[in-house]
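**Student:** Take a look at the following structure, please.
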Amino acid sequence: MSEVSTISTPAVIGISLALFLIGLLGVMVRRDLLFVLMSLEIMLNAAGLAFIAAAAKWRQPDGQVMVLLILVAAAAEVGVGLSLVLRLYHQFDTVDGDEISLMRG
Amino acid sequence: MTIICYAGCAVALISALMVITQKNAMHALLYLILMLLALGLVFFTLGAPFAAVLQVAIYAGAIMVLFVFVVMMLNLGPATERQERRWLGARIWSVPALLTAVLLALSIYAITSASEARVTAGVVTPKEVGLSLYREYVIAVELASLILLAGLVGAFHLAPARRELDLSRSAPGTASTAVETTQGE
Amino acid sequence: MQLLWLVPALPLLGALVLALMGGIMGRRAGAVIGCASVGLSCLVSVAVAGRFVTTHVSVFHQILFPWVTVGSLQVPMGLWLDQLSLVMMVVITLVSFLIHLYSVEFMGGEADYSLFFCYMNLFVGSMLILVLGDSLLSLYLGWEGVGLCSYLLIGFWHRDRNNGIAAQKAFIVTRVGDTALAIGLFLLFWKTGTLDIRQVMQVVAAPEMRAVAFAAGLLLLGGAVGKSAQIPLHTWLPDAMAGPTPVSALIHAATMVTAGVYLIARTNAVYRAAPTAMLLVAIVGAATALYGALCALPQRDIKRVLAYSTISQVGYMVLALGVGAWSAAIFHFVTHAFFKALLFLSAGIAVQALGEERDVYRMGGLFRRLPWAGWTFLIGAASLSALPLVTAGFYSKDRIIWAGWFSDQGSAVFGAAALLASFLTAVYIFRVFFLVFLGHPHHEIERLPGRPMKLAVAVLSFFAITAGFVGMPQILGGFSPLLDFLSRAVGASTPISSRGEAGFLVLSAIETLTAIWFAYALFVRVPAWVVGLAKAPGYEMVRQFALTGMGFDSLYDRVVVRPYVAAARLGRGDFVDVFYNILAFFVWMSNRALSATESGRVRNYATGLLLGAVLVTVLLLLR
């Protein structure tokens with residue numbers, strides 16, 4: 001555990017950025033609402049990775065605290081989000097995000 | 001340790017890519033769980049064991065399980081899979097992928113032109129995290145619990161009513177098993 | 001007398017109030033405000049007139065506020081009260097008030113009740129500005145104002161497209177005249193440096209301004225011809241009968257069509273300096289008087305008869321102006337206002353009683369069933385025909401014929417034309433009377449007039465009889481205070497030898513009575529030779545010719561309208577239009593493009609966000 005010094009922080013942050021963008025790509029491309037939710041999870045985790053990388057550089061617990069809070073937020077969001085998806089599926093008989101565009105125009 | 005870190009990152013990236021390109025929801029979920037586990041590993045190598053455990057236990061262990069349950073409940077069959085295949089042509093990918101690539105390139109350039117920093121010291125123990133939570137971040141803890149309460153109430157309120165989910169068919173069965181279990185204890 | 005400004009201001013204020021709050025005020029309030037504003041204006045004008053007369057002033061000038069100040073042109077808004085504008089003001093407010101009263105009941109079933117009174121008030125206000133204004137510019141302001149209100153009121157029942165077309169025709173034809181008037185005003189300002197009427201008249205009277213006076217006289221005549229429906233710009237008036245009857249009575253009989261007469265009377269210095277222009281005025285007047293009478297004869301629509309009658313009678317006034325009998329022209333304006341409005345309003349009673357039936361051949365036997373309409377129409381018809389001694393029309397019209405024949409500027413041609421027109425006038429109006437009020441009934445009476453309508457026609461009948469007694473001819477005592485009064489403003493009339501005036505009066509009396517008997521014989525008794533004449537070849541052609549106003553409409557259509565429309569069609573795709581079309585197309589395209597971004601899809605919005613993020617990052621990096 002003593003050779004953590006060779007990991008370059010910008011690289012890890014770059015990787016978290018790439019992960020975030022992958023998640024964003026998924027949000028933009030997928031029509032199925034469940035996949036959109038999954039992509040959102042990817043994005044949240046990417047943010048968490050960035051926090052941990054920064055915390056590792058400065059050797060502070062704040063990063064892990066932030067990850068905990070992100071986790072909490074993700075849990076609440078998934079709970080409510082999935083209920084919404086269920087509701088939408090129940091009402092519109094589809095989980096296609098494009099169909100549910102009543103706010104068009 | 002460095003190699004393990006970068007390997008874990010690679011696995012995470014690849015499985016994330018697999019998540020967004022899968023046609024079947026279950027497969028995508030499994031890839032997502034794999035990504036979470038990989039990230040847990042990365043956290044560990046970056047000297048954050050507490051976060052790593054949280055990631056594995058709670059994220060992959062609880063939140064994803066919730067996801068799996070809902071996907072199974074929705075019961076999206078092969079028809080959905082074919083539909084997804086139709087929706088995900090090359091044309092759909094082109095513009096977002098292009099934009100994403102541009103942004104990625106710009107951001108990498110921005111990051112690498114900043115100073116080269118290295119991770120300095122060692123592991124941040126759970127004890128330090130705990131102390132920090134109950135000293136500087138105690139308000140955040142309270143707020144987190146409020147968020148969870150809100151999520152709970154929201155999910156409870158938004159979920160379709162029991163009869164709408166057509167669970168009545170299995171009602172007699174579940175009732176009897178519930179009675180049995182209580183009697184068993 | 002300081003309250004003079006209230007006279008035009010009250011109706012304008014009424015119009016404003018009705019315009020802003022008419023919708024929420026309710027019918028009763030709308031009618032009350034509409035009538036009260038004009039009624040109060042009438043009271044003020046009578047009071048001012050009384051003061052004017054009793055204090056023996058000659059003019060009263062009240063400047064209200066500075067209006068136009070451009071370069072060397074300084075025109076304040078002011079009111080000029082002399083004998084001429086006084087008489088016009090009193091008559092206008094009185095007749096307007098009575099017609100407003102009549103309209104309270106007549107327009108009772110209308111949905112746009114308050115709007116009607118708003119327009120009418122606006123009209124009265126504009127007309128008063130026209131006659132009371134001290135500068136040519138305020139005269140023009142009132143001129144345009146009455147033109148606008150005429151358009152609004154003719155097309156009042158706007159849901160029927162034909163009414164709108166009639167209103168447009170009125171506006172466009174009078175516009176031709178208005179343009180001539182405007183050019184005349186430009187010329188006068190250019191040559192005299194001012195627009196104040198008094199000053200312009202003084203400058204124009206000078207001998208070196210002969211040419212200017214001649215040109216200005218012609219141009220002002222052009223304007224008068226348009227507004228007063230004289231040949232050749234008269235074609236709009238018969239079609240203007242599409243508007244409600246009170247509108248026809250007020251605007252197209254008593255007031256607006258006399259605006260041209262007022263204009264020429266007011267600017268008489270111009271015409272005194274240009275005798276040739278004055279001769280042209282007389283020619284136009286005499287020709288129109290005869291033309292109107294001829295065309296009124298075969299008409300079937302009762303209001304069209306009255307429209308052509310108005311054209312003819314205003315022709316008399318113009319003729320009087322043309323031979324220098326200025327006061328006589330205004331005298332005839334006064335009497336005509338009363339009896340023509342009376343004729344229109346009583347005809348309106350009859351028309352409304354029969355459920356909007358306007359064809360004289362389908363109205364009959366109304367005298368017993370509608371006594372109010374019958375008696376008042378009879379009085380009006382008698383006054384129009386100049387029934388001797390008892391009617392106002394006798395005194396005013398005969399003075400004009402007399403002046404047209406025997407004045408120093410008159411001639412036998414004018415006199416004979418006027419006399420012939422007078423004969424025809426009696427014939428056509430009594431034709432209408434006999435056909436409508438005697439004979440067999442064709443329709444059931446649907447509604448009887450109520451008190452407001454009865455009161456209005458009763459008062460007008462009184463004036464139609466008595467208004468002439470202030471202008472008696474020399475032979476019968478020479479009691480003519482009105483004419484003397486007027487001549488102080490417009491100057492002395494061209495002298496007429498009063499020899500043989502008695503003989504002339506007897507002649508004209510005989511002529512009127514003969515005409516009435518003639519109409520009776522022709523249209524009530526219908527002797528066999530008339531029936532034979534009606535079957536004669538060529539008769540129908542002549543009748544059609546007169547019925548359509550002697551073909552003026554089709555002439556204008558061929559000579560003016562069709563070439564213009566063809567030219568407009570040719571110019572439809574020219575480069576200026578292309579420019580605007582491109583603008584419109586561009587706007588439409590952008591609308592399409594922008595609407596497409598509002599798809600309601602979350603994915604698209606996320607893409608938009610990413611695009612924005614990329615742009616911002618690029619901008620940040622470039623800095």
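In the structure tokens, chains take the letters A, B, ... in the order shown, each chain's residues start at 1, and ligands count up from 1 in the order shown.
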Tell me as a PyMOL selection string which residues belonging to chain C come within 9 Å of chain B, counting only C-alpha atoms.

**Tutor:** chain C and resi 607+610-611+613-614+617-618+621

**Student:** Which residues, written as a list in words, have at least one atom at most 9 Å from Met64 (chain B), with only C-alpha atoms counted and residues fewer than 6 positions away on the same chain left out?

**Tutor:**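 The residues satisfying every condition are Leu29, Leu30, Leu32, Ile33 and Ile58 of chain B.
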
**Student:** Give me the residues of chain C that have any atom at most 7 Å from an atom of chain A; for each, the nearest atom pair and the distance in Å, rounded to one decimal. Use only C-alpha atoms, sort by chain and number, and format it as a tab-separated table.

**Tutor:**
residue	atom	partner	partner_atom	distance
C:Ser595	CA	A:Gly105	CA	6.5
C:Glu598	CA	A:Gly105	CA	4.9
C:Ser599	CA	A:Arg104	CA	4.8
C:Gly600	CA	A:Arg104	CA	3.9
C:Arg601	CA	A:Asp98	CA	5.4
C:Arg603	CA	A:Met28	CA	4.7
C:Asn604	CA	A:Met28	CA	6.9
C:Ala606	CA	A:Met28	CA	5.9
C:Thr607	CA	A:Met28	CA	5.9

**Student:** Please, which residues of region 184-420 of chain C, numbered as in this document, come out alpha helix (DSSP H) from DSSP, as number ranges by chain?

**Tutor:** C: 184-192, 197-204, 210-227, 236-239, 245-249, 259-266, 268-272, 275-296, 302-322, 326-353, 366-369, 371-384, 392-406, 412-420
